[in-house]
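Trainee: One file: model.csv (CSV, C-alpha atoms and all ligand atoms).
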```csv
chain,number,residue,atom,x,y,z
F,1,MET,CA,4.9,10.5,19.5
F,2,THR,CA,8.0,11.2,17.3
F,3,GLN,CA,10.9,12.8,19.1
F,4,ILE,CA,12.0,15.7,16.8
F,5,THR,CA,15.2,17.7,17.2
F,6,ILE,CA,15.6,20.9,15.3
F,7,ASP,CA,19.1,22.0,14.1
F,8,PRO,CA,20.0,25.5,15.5
F,9,GLY,CA,21.2,26.6,12.0
F,10,LEU,CA,17.8,25.8,10.4
F,11,LYS,CA,16.1,29.2,11.1
F,12,LYS,CA,18.9,31.1,9.3
F,13,ALA,CA,19.1,28.6,6.4
F,14,ILE,CA,15.3,29.2,5.9
F,15,SER,CA,15.5,33.0,6.2
F,16,ASP,CA,18.5,33.2,3.8
F,17,TYR,CA,16.8,31.1,1.1
F,18,GLN,CA,15.3,32.5,-2.1
F,19,LEU,CA,13.3,30.5,-4.6
F,20,PRO,CA,14.6,31.1,-8.1
F,21,GLU,CA,12.1,31.9,-10.9
F,22,THR,CA,13.1,29.0,-13.1
F,23,LEU,CA,12.7,25.6,-11.6
F,24,GLY,CA,13.0,22.6,-13.9
F,25,PHE,CA,12.8,19.2,-12.1
F,26,GLY,CA,14.9,18.1,-9.1
F,27,ASN,CA,17.5,20.9,-9.3
F,28,VAL,CA,16.3,23.5,-6.8
F,29,MET,CA,16.5,22.0,-3.4
F,30,THR,CA,14.7,23.7,-0.5
F,31,PRO,CA,16.8,24.5,2.7
F,32,VAL,CA,15.4,21.8,5.0
F,33,MET,CA,16.0,18.1,5.2
F,34,ALA,CA,14.7,15.5,7.6
F,35,SER,CA,16.9,12.6,8.8
F,36,CYS,CA,16.5,9.6,11.1
F,37,THR,CA,19.0,6.8,11.7
F,38,TYR,CA,18.4,3.2,12.5
F,39,GLU,CA,20.8,1.2,14.6
F,40,LYS,CA,20.6,-1.8,17.0
F,41,GLY,CA,17.1,-2.6,15.8
F,42,LYS,CA,15.7,0.9,16.7
F,43,TRP,CA,15.0,4.2,15.0
F,44,GLY,CA,16.5,7.2,16.6
F,45,PRO,CA,15.0,10.8,16.9
F,46,LEU,CA,13.9,12.6,13.8
F,47,GLU,CA,16.1,15.6,13.0
F,48,LEU,CA,15.3,18.6,10.9
F,49,LEU,CA,18.6,20.0,9.4
F,50,PRO,CA,19.6,22.6,6.9
F,51,TYR,CA,19.9,21.0,3.5
F,52,GLY,CA,23.6,20.2,2.8
F,53,PRO,CA,26.2,17.4,2.4
F,54,ILE,CA,26.1,14.3,4.4
F,55,THR,CA,29.0,12.1,5.5
F,56,MET,CA,29.4,8.4,5.5
F,57,TYR,CA,32.2,5.9,5.5
F,58,PRO,CA,33.6,4.7,2.1
F,59,THR,CA,32.6,1.2,3.2
F,60,ALA,CA,28.9,2.1,3.7
F,61,LYS,CA,27.1,-0.8,2.2
F,62,VAL,CA,24.9,1.3,0.0
F,63,LEU,CA,28.0,2.4,-2.0
F,64,HIS,CA,28.9,-1.2,-2.8
F,65,TYR,CA,25.7,-3.2,-2.8
F,66,ALA,CA,23.1,-0.6,-3.6
F,67,GLN,CA,20.8,-1.2,-0.6
F,68,GLU,CA,18.7,1.9,-1.2
F,69,ILE,CA,15.0,2.7,-1.8
F,70,PHE,CA,13.1,5.9,-2.3
F,71,GLU,CA,9.7,7.5,-2.9
F,72,GLY,CA,8.4,10.4,-5.0
F,73,MET,CA,5.6,12.5,-3.7
F,74,LYS,CA,4.4,16.1,-4.1
F,75,ALA,CA,3.0,19.0,-2.1
F,76,TYR,CA,0.9,21.7,-3.8
F,77,ARG,CA,0.1,25.3,-3.0
F,78,VAL,CA,-1.5,26.6,-6.1
F,79,ASN,CA,-3.1,30.1,-5.5
F,80,GLY,CA,-1.7,30.0,-1.9
F,81,GLN,CA,-4.1,27.3,-0.7
F,82,GLY,CA,-2.7,24.3,1.2
F,83,PRO,CA,0.0,23.0,1.3
F,84,PHE,CA,-1.7,19.7,0.2
F,85,ILE,CA,0.0,16.4,-0.1
F,86,PHE,CA,-1.3,13.8,-2.5
F,87,ARG,CA,-2.0,10.3,-1.1
F,88,PRO,CA,0.9,10.1,1.4
F,89,GLU,CA,-0.4,6.9,2.9
F,90,GLU,CA,0.1,5.2,-0.5
F,91,ASN,CA,3.8,6.3,-0.5
F,92,TYR,CA,4.3,5.1,3.0
F,93,LEU,CA,2.9,1.6,2.2
F,94,ARG,CA,4.9,1.3,-1.0
F,95,PHE,CA,8.1,2.5,0.8
F,96,ASN,CA,7.8,-0.4,3.2
F,97,ARG,CA,7.0,-2.9,0.4
F,98,SER,CA,10.3,-1.8,-1.2
F,99,ALA,CA,12.0,-2.0,2.2
F,100,GLU,CA,11.0,-5.6,2.6
F,101,ARG,CA,12.2,-6.6,-0.8
F,102,MET,CA,15.6,-4.9,-0.2
F,103,ALA,CA,16.1,-6.5,3.3
F,104,MET,CA,15.7,-3.1,5.0
F,105,PRO,CA,13.8,-2.2,8.2
F,106,HIS,CA,10.2,-0.9,8.0
F,107,ILE,CA,10.0,2.8,8.7
F,108,PRO,CA,7.3,3.5,11.4
F,109,HIS,CA,4.3,5.4,10.2
F,110,ASN,CA,4.9,8.4,12.5
F,111,ILE,CA,8.5,8.8,11.4
F,112,PHE,CA,7.6,8.7,7.7
F,113,MET,CA,4.6,11.1,8.0
F,114,ASP,CA,6.2,13.5,10.5
F,115,SER,CA,9.3,13.8,8.3
F,116,VAL,CA,7.2,14.7,5.3
F,117,PHE,CA,4.7,16.9,7.1
F,118,GLU,CA,7.3,18.8,9.2
F,119,LEU,CA,9.5,19.4,6.2
F,120,VAL,CA,6.6,20.7,4.1
F,121,SER,CA,5.4,22.9,7.0
F,122,TYR,CA,8.9,24.4,7.4
F,123,THR,CA,9.2,25.0,3.6
F,124,ALA,CA,5.6,26.0,2.9
F,125,ASN,CA,6.8,29.4,1.5
F,126,PHE,CA,8.9,27.6,-1.1
F,127,VAL,CA,6.1,25.5,-2.5
F,128,PRO,CA,5.6,26.9,-6.0
F,129,ARG,CA,2.2,28.5,-6.7
F,130,ARG,CA,1.8,28.1,-10.4
F,131,SER,CA,-0.5,25.3,-11.7
F,132,GLY,CA,1.7,22.3,-12.8
F,133,GLU,CA,4.4,23.2,-10.3
F,134,SER,CA,4.8,21.7,-6.8
F,135,LEU,CA,7.3,20.8,-4.1
F,136,TYR,CA,8.6,17.4,-5.1
F,137,LEU,CA,9.4,15.3,-2.0
F,138,ARG,CA,11.9,12.6,-2.0
F,139,PRO,CA,11.9,10.2,1.0
F,140,PHE,CA,14.8,7.7,0.8
F,141,MET,CA,16.6,5.1,2.9
F,142,PHE,CA,20.1,3.7,2.5
F,143,ALA,CA,22.5,1.3,4.2
F,144,THR,CA,25.2,3.1,6.2
F,145,GLU,CA,26.8,0.1,7.9
F,146,GLU,CA,30.5,0.2,7.4
F,147,SER,CA,31.7,-3.2,6.2
F,148,LEU,CA,32.3,-4.9,2.9
F,149,GLY,CA,30.6,-8.2,3.7
F,150,ILE,CA,27.7,-9.0,1.5
F,151,LYS,CA,24.9,-9.3,4.0
F,152,PRO,CA,21.9,-7.1,4.9
F,153,ALA,CA,23.1,-4.0,6.7
F,154,GLU,CA,22.1,-3.3,10.3
F,155,LYS,CA,22.6,0.5,10.1
F,156,PHE,CA,20.5,2.7,7.9
F,157,ARG,CA,19.6,6.4,7.4
F,158,PHE,CA,16.2,7.6,6.3
F,159,MET,CA,16.0,11.1,4.9
F,160,VAL,CA,13.5,13.4,3.2
F,161,ILE,CA,14.6,16.2,0.9
F,162,ALA,CA,12.4,18.5,-1.1
F,163,SER,CA,12.8,20.3,-4.5
F,164,ALA,CA,10.6,23.1,-5.9
F,165,SER,CA,9.8,21.7,-9.3
F,166,GLY,CA,8.1,22.4,-12.6
F,167,SER,CA,7.8,20.0,-15.5
F,168,TYR,CA,9.8,16.8,-15.4
F,169,PHE,CA,10.6,17.0,-19.1
F,170,SER,CA,12.7,19.9,-20.2
F,171,ASN,CA,13.2,18.8,-23.8
F,172,THR,CA,9.7,18.0,-25.1
F,173,SER,CA,9.1,21.0,-27.3
F,174,GLU,CA,8.5,18.3,-30.1
F,175,GLY,CA,6.6,16.1,-27.7
F,176,LEU,CA,7.5,13.1,-25.7
F,177,SER,CA,9.2,10.6,-28.0
F,178,VAL,CA,9.6,7.0,-26.8
F,179,TYR,CA,12.2,4.5,-27.8
F,180,ILE,CA,11.2,0.8,-27.7
F,181,GLU,CA,14.0,-1.0,-26.0
F,182,ARG,CA,14.1,-4.5,-27.6
F,183,GLU,CA,17.5,-5.6,-26.3
F,184,ASN,CA,18.1,-4.9,-22.6
F,185,ALA,CA,15.5,-5.6,-20.0
F,186,ARG,CA,14.8,-3.6,-16.8
F,187,ALA,CA,13.2,-6.2,-14.6
F,188,PHE,CA,12.5,-9.9,-14.5
F,189,PRO,CA,10.1,-12.1,-12.6
F,190,GLY,CA,11.1,-12.7,-9.0
F,191,GLY,CA,13.4,-9.7,-9.2
F,192,THR,CA,13.1,-6.2,-7.7
F,193,GLY,CA,11.2,-4.4,-10.6
F,194,PHE,CA,8.2,-3.6,-8.4
F,195,ALA,CA,10.3,-2.0,-5.7
F,196,LYS,CA,11.4,1.7,-5.9
F,197,ALA,CA,15.0,0.8,-5.5
F,198,GLY,CA,17.8,2.9,-6.9
F,199,GLY,CA,19.4,-0.1,-8.6
F,200,ASN,CA,16.4,-0.5,-10.9
F,201,TYR,CA,17.0,2.9,-12.3
F,202,ALA,CA,20.8,2.5,-12.5
F,203,ALA,CA,20.2,-0.6,-14.6
F,204,GLY,CA,18.2,1.5,-17.1
F,205,LEU,CA,20.8,4.2,-17.6
F,206,SER,CA,22.8,2.6,-20.4
F,207,ALA,CA,19.5,2.3,-22.4
F,208,ALA,CA,18.9,6.0,-21.5
F,209,ILE,CA,22.2,6.8,-23.3
F,210,LYS,CA,21.1,4.9,-26.4
F,211,THR,CA,17.6,6.4,-26.2
F,212,LYS,CA,19.2,9.9,-26.2
F,213,GLN,CA,21.7,9.1,-29.0
F,214,LEU,CA,18.8,7.9,-31.2
F,215,GLY,CA,17.0,11.2,-30.5
F,216,PHE,CA,14.3,10.0,-28.1
F,217,VAL,CA,13.4,11.2,-24.7
F,218,GLN,CA,12.2,8.1,-22.8
F,219,THR,CA,12.8,4.4,-22.9
F,220,LEU,CA,9.9,1.9,-23.1
F,221,TRP,CA,10.8,-1.4,-21.4
F,222,LEU,CA,9.4,-4.8,-22.6
F,223,ASP,CA,9.0,-7.9,-20.5
F,224,ALA,CA,12.3,-9.7,-19.9
F,225,ARG,CA,11.1,-13.2,-20.9
F,226,GLU,CA,9.8,-12.6,-24.4
F,227,ARG,CA,10.5,-8.9,-25.1
F,228,LYS,CA,6.9,-8.8,-26.3
F,229,TYR,CA,4.7,-7.0,-23.7
F,230,ILE,CA,5.1,-3.4,-22.7
F,231,GLU,CA,5.9,-2.9,-19.0
F,232,GLU,CA,6.8,0.7,-18.0
F,233,MET,CA,9.0,3.6,-19.1
F,234,SER,CA,12.3,4.6,-17.4
F,235,GLY,CA,10.6,6.3,-14.4
F,236,MET,CA,6.9,6.3,-15.1
F,237,ASN,CA,3.9,4.1,-16.1
F,238,VAL,CA,2.4,4.0,-19.5
F,239,PHE,CA,-1.2,4.1,-20.9
F,240,VAL,CA,-2.5,3.8,-24.5
F,241,VAL,CA,-5.9,4.6,-25.8
F,242,ILE,CA,-7.3,2.0,-28.2
F,243,ASN,CA,-10.8,2.4,-29.6
F,244,ASN,CA,-11.4,5.2,-27.0
F,245,GLU,CA,-10.7,2.7,-24.2
F,246,LEU,CA,-7.7,3.1,-21.9
F,247,CYS,CA,-5.2,0.2,-21.6
F,248,THR,CA,-2.3,-0.1,-19.2
F,249,PRO,CA,0.0,-3.0,-18.4
F,250,LYS,CA,-1.3,-5.1,-15.6
F,251,ILE,CA,0.8,-4.7,-12.4
F,252,SER,CA,3.2,-7.6,-11.7
F,253,ASP,CA,6.4,-8.0,-9.8
F,254,THR,CA,8.3,-6.4,-12.7
F,255,ILE,CA,6.2,-3.2,-12.8
F,256,LEU,CA,6.1,-0.3,-10.3
F,257,ASP,CA,2.6,0.0,-8.8
F,258,GLY,CA,2.3,3.7,-9.6
F,259,ILE,CA,0.1,5.9,-7.4
F,260,THR,CA,-0.6,8.3,-10.3
F,261,ARG,CA,-1.5,5.2,-12.4
F,262,LYS,CA,-4.0,3.9,-9.8
F,263,SER,CA,-5.5,7.3,-9.3
F,264,LEU,CA,-6.0,7.8,-13.0
F,265,ILE,CA,-7.7,4.4,-13.4
F,266,ALA,CA,-10.2,5.5,-10.7
F,267,LEU,CA,-10.7,9.0,-12.3
F,268,ALA,CA,-11.0,7.6,-15.8
F,269,ARG,CA,-13.6,5.0,-14.8
F,270,ASP,CA,-15.6,7.6,-12.9
F,271,SER,CA,-15.4,9.8,-16.0
F,272,GLY,CA,-17.1,7.1,-18.0
F,273,TYR,CA,-14.1,5.5,-19.7
F,274,THR,CA,-13.4,1.8,-19.9
F,275,VAL,CA,-10.0,0.9,-18.5
F,276,HIS,CA,-8.2,-2.4,-19.1
F,277,GLU,CA,-5.3,-3.6,-17.1
F,278,LYS,CA,-3.8,-6.3,-19.3
F,279,ASN,CA,-0.8,-7.5,-21.2
F,280,ILE,CA,-0.2,-5.2,-24.2
F,281,ASP,CA,1.8,-6.8,-27.1
F,282,ILE,CA,4.2,-4.2,-28.6
F,283,ASN,CA,3.8,-5.4,-32.1
F,284,GLU,CA,-0.1,-5.4,-31.9
F,285,LEU,CA,0.1,-2.0,-30.4
F,286,ILE,CA,2.2,-0.7,-33.4
F,287,GLU,CA,-0.4,-2.2,-35.7
F,288,ASP,CA,-3.2,-0.5,-33.7
F,289,ILE,CA,-1.4,2.8,-34.0
F,290,ARG,CA,-0.9,2.4,-37.8
F,291,ALA,CA,-4.5,1.4,-38.3
F,292,GLY,CA,-5.8,4.4,-36.3
F,293,ARG,CA,-7.3,2.3,-33.6
F,294,CYS,CA,-4.7,3.5,-31.0
F,295,THR,CA,-5.0,7.3,-31.2
F,296,GLU,CA,-3.0,8.4,-28.2
F,297,ALA,CA,-0.5,7.2,-25.5
F,298,PHE,CA,0.8,8.8,-22.4
F,299,ALA,CA,3.3,8.6,-19.6
F,300,CYS,CA,2.1,9.0,-16.0
F,301,GLY,CA,3.9,9.3,-12.7
F,302,THR,CA,4.4,11.6,-9.7
F,303,ALA,CA,7.1,13.5,-11.5
F,304,ALA,CA,5.7,13.1,-15.0
F,305,ILE,CA,2.1,13.9,-14.0
F,306,ILE,CA,0.5,12.9,-17.3
F,307,THR,CA,2.5,13.6,-20.5
F,308,PRO,CA,1.2,12.7,-23.9
F,309,ILE,CA,3.5,10.7,-26.2
F,310,ASN,CA,4.3,12.0,-29.6
F,311,TYR,CA,5.7,8.9,-31.2
F,312,PHE,CA,7.2,5.5,-30.5
F,313,GLY,CA,10.3,4.5,-32.4
F,314,GLU,CA,12.8,1.8,-33.2
F,315,SER,CA,16.6,1.6,-33.3
F,316,ASP,CA,16.6,1.7,-37.1
F,317,GLY,CA,15.1,5.2,-36.9
F,318,GLU,CA,11.5,4.1,-37.7
F,319,ARG,CA,8.9,6.3,-36.1
F,320,ILE,CA,5.3,5.3,-35.3
F,321,PRO,CA,3.5,8.6,-34.6
F,322,LEU,CA,0.3,8.9,-32.5
F,323,HIS,CA,-2.8,10.5,-34.1
F,324,PHE,CA,-3.2,12.8,-31.1
F,325,PRO,CA,0.4,13.7,-30.1
F,326,GLU,CA,-0.8,16.4,-27.8
F,327,GLY,CA,-3.2,14.1,-26.1
F,328,LYS,CA,-7.0,14.4,-25.8
F,329,ILE,CA,-8.3,12.0,-23.2
F,330,SER,CA,-4.9,12.2,-21.5
F,331,MET,CA,-5.2,16.0,-21.3
F,332,GLU,CA,-8.7,15.8,-19.9
F,333,LEU,CA,-7.5,13.4,-17.2
F,334,ARG,CA,-4.5,15.5,-16.5
F,335,GLU,CA,-6.6,18.5,-15.8
F,336,LYS,CA,-9.0,16.4,-13.6
F,337,LEU,CA,-6.1,15.0,-11.6
F,338,LEU,CA,-4.3,18.3,-11.2
F,339,ALA,CA,-7.5,20.1,-10.1
F,340,ILE,CA,-7.8,17.6,-7.2
F,341,GLN,CA,-4.1,17.7,-6.4
F,342,GLU,CA,-4.0,21.5,-6.4
F,343,GLY,CA,-7.2,21.8,-4.3
F,344,ARG,CA,-9.1,23.5,-7.2
F,345,VAL,CA,-12.1,21.1,-6.9
F,346,ALA,CA,-13.7,19.2,-4.1
F,347,ASP,CA,-11.6,16.1,-3.2
F,348,THR,CA,-14.4,13.5,-3.3
F,349,TYR,CA,-11.8,10.7,-3.2
F,350,LYS,CA,-10.2,11.9,0.0
F,351,TRP,CA,-6.8,11.8,-1.6
F,352,ILE,CA,-5.5,15.1,-0.3
F,353,ALA,CA,-3.9,15.6,3.1
F,354,THR,CA,-3.6,19.2,4.4
F,355,VAL,CA,-0.4,20.2,6.1
D,401,LIG,C1,8.5,9.8,-9.5
D,401,LIG,O1,7.7,10.0,-10.4
D,401,LIG,O2,8.3,10.3,-8.4
D,401,LIG,C2,9.7,9.0,-9.7
D,401,LIG,O3,10.3,8.6,-8.7
D,401,LIG,C3,10.3,8.9,-11.0
D,401,LIG,C4,11.6,9.5,-11.3
D,401,LIG,C5,11.9,9.5,-12.7
D,401,LIG,C6,11.6,11.0,-10.9
```
Do you think you could lay out the structure here as structure tokens?

Mentor:
Amino acid sequence: MTQITIDPGLKKAISDYQLPETLGFGNVMTPVMASCTYEKGKWGPLELLPYGPITMYPTAKVLHYAQEIFEGMKAYRVNGQGPFIFRPEENYLRFNRSAERMAMPHIPHNIFMDSVFELVSYTANFVPRRSGESLYLRPFMFATEESLGIKPAEKFRFMVIASASGSYFSNTSEGLSVYIERENARAFPGGTGFAKAGGNYAAGLSAAIKTKQLGFVQTLWLDARERKYIEEMSGMNVFVVINNELCTPKISDTILDGITRKSLIALARDSGYTVHEKNIDINELIEDIRAGRCTEAFACGTAAIITPINYFGESDGERIPLHFPEGKISMELREKLLAIQEGRVADTYKWIATV
């Protein structure tokens, strides 16, 4: 049993809160957060608090050595049903895989699940109800131990915050354009690329600036050894459709094992599509697009859902447009996935947990 303490100010924070009409992604935080601290080898009680600033010492190790991990998950309440949470066990398992890689303690199953489920039940009224919108949940853990020595911390804080969210991409009126990053690398064999660690994303931000300056929306990372095989995008996995078959990079220690990615593979196969998980050579892919064999490509992730790619491009301004920039197979799969997540069709996969 998890020991849960409820902050006395929480009731008022919830009753005072109003969900704005326009959401965007990750800006509209709902009024509750969950928090649990780890010290002397033990997790303390789970607290539900009004959403607000947190304090820590300037020497907290996370601020210096980036000992931090996180997850992204969603709760749905379309047409007032639910709330439903999509595949929370997968997030729990991945969180602890990330924790191991970053020398952090495992979070017990009951603390992870109770944080998420309690937070969603307290904020059920703030889960958006329009299809494509959801309550984005962000569990995260960071090192709070106050000391500048480089060694694994012994004090941590685990938190869950929630944001009423719409589309991840705000600037895709012309479609999702993807810059092929041939210079920098995001992850290397033996490194932390498979972990959902904040540092992986920080390392991609200078490429994000270049991507934006060149007029693209997302960065496509290539493997660090040869800069030849596509890996993932800045915060999401990638699929391409070649000769009507789906292909996506094979999971390795440099690629995040996406939950949307694995759900889509199952959905696509059950819808009669062939799906290959394999190395995809960027130059062969460009040839396949030019020759009309590769007709569409798309990003997928918890935040991104499934978003078709309009064109790939290079630093010299060259653009390689996809034949179906608005997606075809991708949009069919997006609708199938959302229908399950939003509780609009029977969940034969048992992916949905009801709060
Ligand atoms: C997610 O899809 O949940 C992520 O963590 C990616 C991030 C770009 C928002």

Trainee: Please, which residues are within 6 Å of (2.4, 17.9, -3.9) by the file's coordinates, counting only C-alpha atoms, and could they come as a PyMOL selection string?

Mentor: chain F and resi 74-76+85-86+134-135

Trainee: Write the selection just made, keeping C-alpha atoms, as a PDB file, in the coordinates of the input?

Mentor:
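Written out: part-v1.pdb:
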```pdb
ATOM      1  CA  LYS F  74       4.400  16.100  -4.100  1.00  0.00           C
ATOM      2  CA  ALA F  75       3.000  19.000  -2.100  1.00  0.00           C
ATOM      3  CA  TYR F  76       0.900  21.700  -3.800  1.00  0.00           C
ATOM      4  CA  ILE F  85       0.000  16.400  -0.100  1.00  0.00           C
ATOM      5  CA  PHE F  86      -1.300  13.800  -2.500  1.00  0.00           C
ATOM      6  CA  SER F 134       4.800  21.700  -6.800  1.00  0.00           C
ATOM      7  CA  LEU F 135       7.300  20.800  -4.100  1.00  0.00           C
TER       8      LEU F 135
END
```

Trainee: Please return as a PyMOL selection string the residues found within 12 Å of ligand LIG 401 (chain D), counting only C-alpha atoms and all ligand atoms.

Mentor: chain F and resi 25-27+69-75+86+91+94-95+135-140+162-163+165+167-169+195-198+200-202+204-205+208+218-219+232-237+256-261+299-307

Trainee: For Glu133 (chain F), please output as a list of chain:residue names all residues within 6 Å (counting all atoms listed in the file; exclusion window: fewer than 3 positions along the same chain).

Mentor: F:Pro128, F:Arg130, F:Ser165, F:Gly166

Trainee: Within 9 Å of Leu49 (chain F), counting all atoms listed in the file, which residues show up once you throw out same-chain ones fewer than 5 positions away? Write them as a JSON list (two decimals) with C-alpha atoms, keeping the file's coordinate frame, please.

Mentor:
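Generated file (result_33.json):
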```
[["chain", "number", "residue", "atom", "x", "y", "z"],
["F", 5, "THR", "CA", 15.20, 17.70, 17.20],
["F", 6, "ILE", "CA", 15.60, 20.90, 15.30],
["F", 7, "ASP", "CA", 19.10, 22.00, 14.10],
["F", 8, "PRO", "CA", 20.00, 25.50, 15.50],
["F", 9, "GLY", "CA", 21.20, 26.60, 12.00],
["F", 10, "LEU", "CA", 17.80, 25.80, 10.40],
["F", 31, "PRO", "CA", 16.80, 24.50, 2.70],
["F", 32, "VAL", "CA", 15.40, 21.80, 5.00],
["F", 33, "MET", "CA", 16.00, 18.10, 5.20],
["F", 34, "ALA", "CA", 14.70, 15.50, 7.60],
["F", 35, "SER", "CA", 16.90, 12.60, 8.80]]
```

Trainee: Please list as number ranges by chain every residue within 8 Å of region 336-349 of chain F, counting all atoms listed in the file and excluding residues in the same chain fewer than 3 positions away.

Mentor: F: 76-78, 81-82, 84-86, 131-132, 264, 267, 332-333, 352

Trainee: For each of F:Ala297, F:Val178, F:Val355, F:Thr192, take the minimum atom-to-atom distance to Ser315 (chain F), counting all atoms listed in the file, then give the residue where this is smallest.

Mentor: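 Of F:Ala297, F:Val178, F:Val355, F:Thr192, the one nearest Ser315 (chain F) is F:Val178, counting all atoms listed in the file.
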
Trainee: Quick check, in Å to one decimal: how far apart do CA of Ile282 (chain F) and CA of Ile309 (chain F) lie?

Mentor: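 Computed distance, CA of Ile282 (chain F) to CA of Ile309 (chain F), equals 15.1 Å.
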
Trainee: Find the residue from F:Glu118, F:Ile54, F:Lys155, F:Val127 that sits nearest to Ala103 (chain F); use all atoms listed in the file when measuring.

Mentor: F:Lys155

Trainee: Kindly give the distance, in Å, that separates CA of Phe312 (chain F) and CA of Ile230 (chain F), rounded to a single decimal.

Mentor: 12.0 Å

Trainee: Any idea what the distance is between CA of Met113 (chain F) and CA of Thr2 (chain F)?

Mentor: 9.9 Å

Trainee: Find the smallest box with edges along x, y and z containing every listed atom of region 255-269 of chain F, then add 4 Å on each side and report centre and edge lengths in Å to one decimal, as JSON.

Mentor:
```
{"center_x": -3.7, "center_y": 2.9, "center_z": -11.6, "size_x": 27.8, "size_y": 20.2, "size_z": 16.4}
```

Trainee: Complete the atom set of region 42-60 of chain F to N, CA and C atoms and return it as a PDB file, keeping the file's coordinate frame.

Mentor:
```
ATOM      1  N   LYS F  42      16.646  -0.219  16.253  1.00  0.00           N
ATOM      2  CA  LYS F  42      15.700   0.900  16.700  1.00  0.00           C
ATOM      3  C   LYS F  42      15.959   2.141  15.857  1.00  0.00           C
ATOM      4  N   TRP F  43      14.868   2.863  15.606  1.00  0.00           N
ATOM      5  CA  TRP F  43      15.000   4.200  15.000  1.00  0.00           C
ATOM      6  C   TRP F  43      15.249   5.234  16.020  1.00  0.00           C
ATOM      7  N   GLY F  44      16.146   6.153  15.719  1.00  0.00           N
ATOM      8  CA  GLY F  44      16.500   7.200  16.600  1.00  0.00           C
ATOM      9  C   GLY F  44      15.544   8.414  16.463  1.00  0.00           C
ATOM     10  N   PRO F  45      15.893   9.592  17.044  1.00  0.00           N
ATOM     11  CA  PRO F  45      15.000  10.800  16.900  1.00  0.00           C
ATOM     12  C   PRO F  45      15.034  11.307  15.480  1.00  0.00           C
ATOM     13  N   LEU F  46      13.965  11.951  15.124  1.00  0.00           N
ATOM     14  CA  LEU F  46      13.900  12.600  13.800  1.00  0.00           C
ATOM     15  C   LEU F  46      14.535  13.970  13.912  1.00  0.00           C
ATOM     16  N   GLU F  47      15.434  14.269  12.968  1.00  0.00           N
ATOM     17  CA  GLU F  47      16.100  15.600  13.000  1.00  0.00           C
ATOM     18  C   GLU F  47      15.710  16.398  11.793  1.00  0.00           C
ATOM     19  N   LEU F  48      15.520  17.690  12.007  1.00  0.00           N
ATOM     20  CA  LEU F  48      15.300  18.600  10.900  1.00  0.00           C
ATOM     21  C   LEU F  48      16.600  19.440  10.784  1.00  0.00           C
ATOM     22  N   LEU F  49      17.240  19.387   9.622  1.00  0.00           N
ATOM     23  CA  LEU F  49      18.600  20.000   9.400  1.00  0.00           C
ATOM     24  C   LEU F  49      18.547  20.922   8.238  1.00  0.00           C
ATOM     25  N   PRO F  50      19.511  21.876   8.177  1.00  0.00           N
ATOM     26  CA  PRO F  50      19.600  22.600   6.900  1.00  0.00           C
ATOM     27  C   PRO F  50      20.069  21.692   5.820  1.00  0.00           C
ATOM     28  N   TYR F  51      19.543  21.884   4.627  1.00  0.00           N
ATOM     29  CA  TYR F  51      19.900  21.000   3.500  1.00  0.00           C
ATOM     30  C   TYR F  51      21.427  21.172   3.239  1.00  0.00           C
ATOM     31  N   GLY F  52      22.126  20.069   3.077  1.00  0.00           N
ATOM     32  CA  GLY F  52      23.600  20.200   2.800  1.00  0.00           C
ATOM     33  C   GLY F  52      24.175  18.781   2.720  1.00  0.00           C
ATOM     34  N   PRO F  53      25.526  18.737   2.547  1.00  0.00           N
ATOM     35  CA  PRO F  53      26.200  17.400   2.400  1.00  0.00           C
ATOM     36  C   PRO F  53      26.048  16.552   3.581  1.00  0.00           C
ATOM     37  N   ILE F  54      26.133  15.259   3.343  1.00  0.00           N
ATOM     38  CA  ILE F  54      26.100  14.300   4.400  1.00  0.00           C
ATOM     39  C   ILE F  54      27.390  13.493   4.403  1.00  0.00           C
ATOM     40  N   THR F  55      27.766  12.928   5.524  1.00  0.00           N
ATOM     41  CA  THR F  55      29.000  12.100   5.500  1.00  0.00           C
ATOM     42  C   THR F  55      28.669  10.670   5.777  1.00  0.00           C
ATOM     43  N   MET F  56      29.471   9.797   5.184  1.00  0.00           N
ATOM     44  CA  MET F  56      29.400   8.400   5.500  1.00  0.00           C
ATOM     45  C   MET F  56      30.737   7.738   5.197  1.00  0.00           C
ATOM     46  N   TYR F  57      30.976   6.563   5.728  1.00  0.00           N
ATOM     47  CA  TYR F  57      32.200   5.900   5.500  1.00  0.00           C
ATOM     48  C   TYR F  57      32.275   5.336   4.043  1.00  0.00           C
ATOM     49  N   PRO F  58      33.494   5.278   3.460  1.00  0.00           N
ATOM     50  CA  PRO F  58      33.600   4.700   2.100  1.00  0.00           C
ATOM     51  C   PRO F  58      33.133   3.236   2.070  1.00  0.00           C
ATOM     52  N   THR F  59      33.071   2.582   3.224  1.00  0.00           N
ATOM     53  CA  THR F  59      32.600   1.200   3.200  1.00  0.00           C
ATOM     54  C   THR F  59      31.088   1.094   3.459  1.00  0.00           C
ATOM     55  N   ALA F  60      30.386   2.218   3.532  1.00  0.00           N
ATOM     56  CA  ALA F  60      28.900   2.100   3.700  1.00  0.00           C
ATOM     57  C   ALA F  60      28.351   1.196   2.672  1.00  0.00           C
TER      58      ALA F  60
END
```
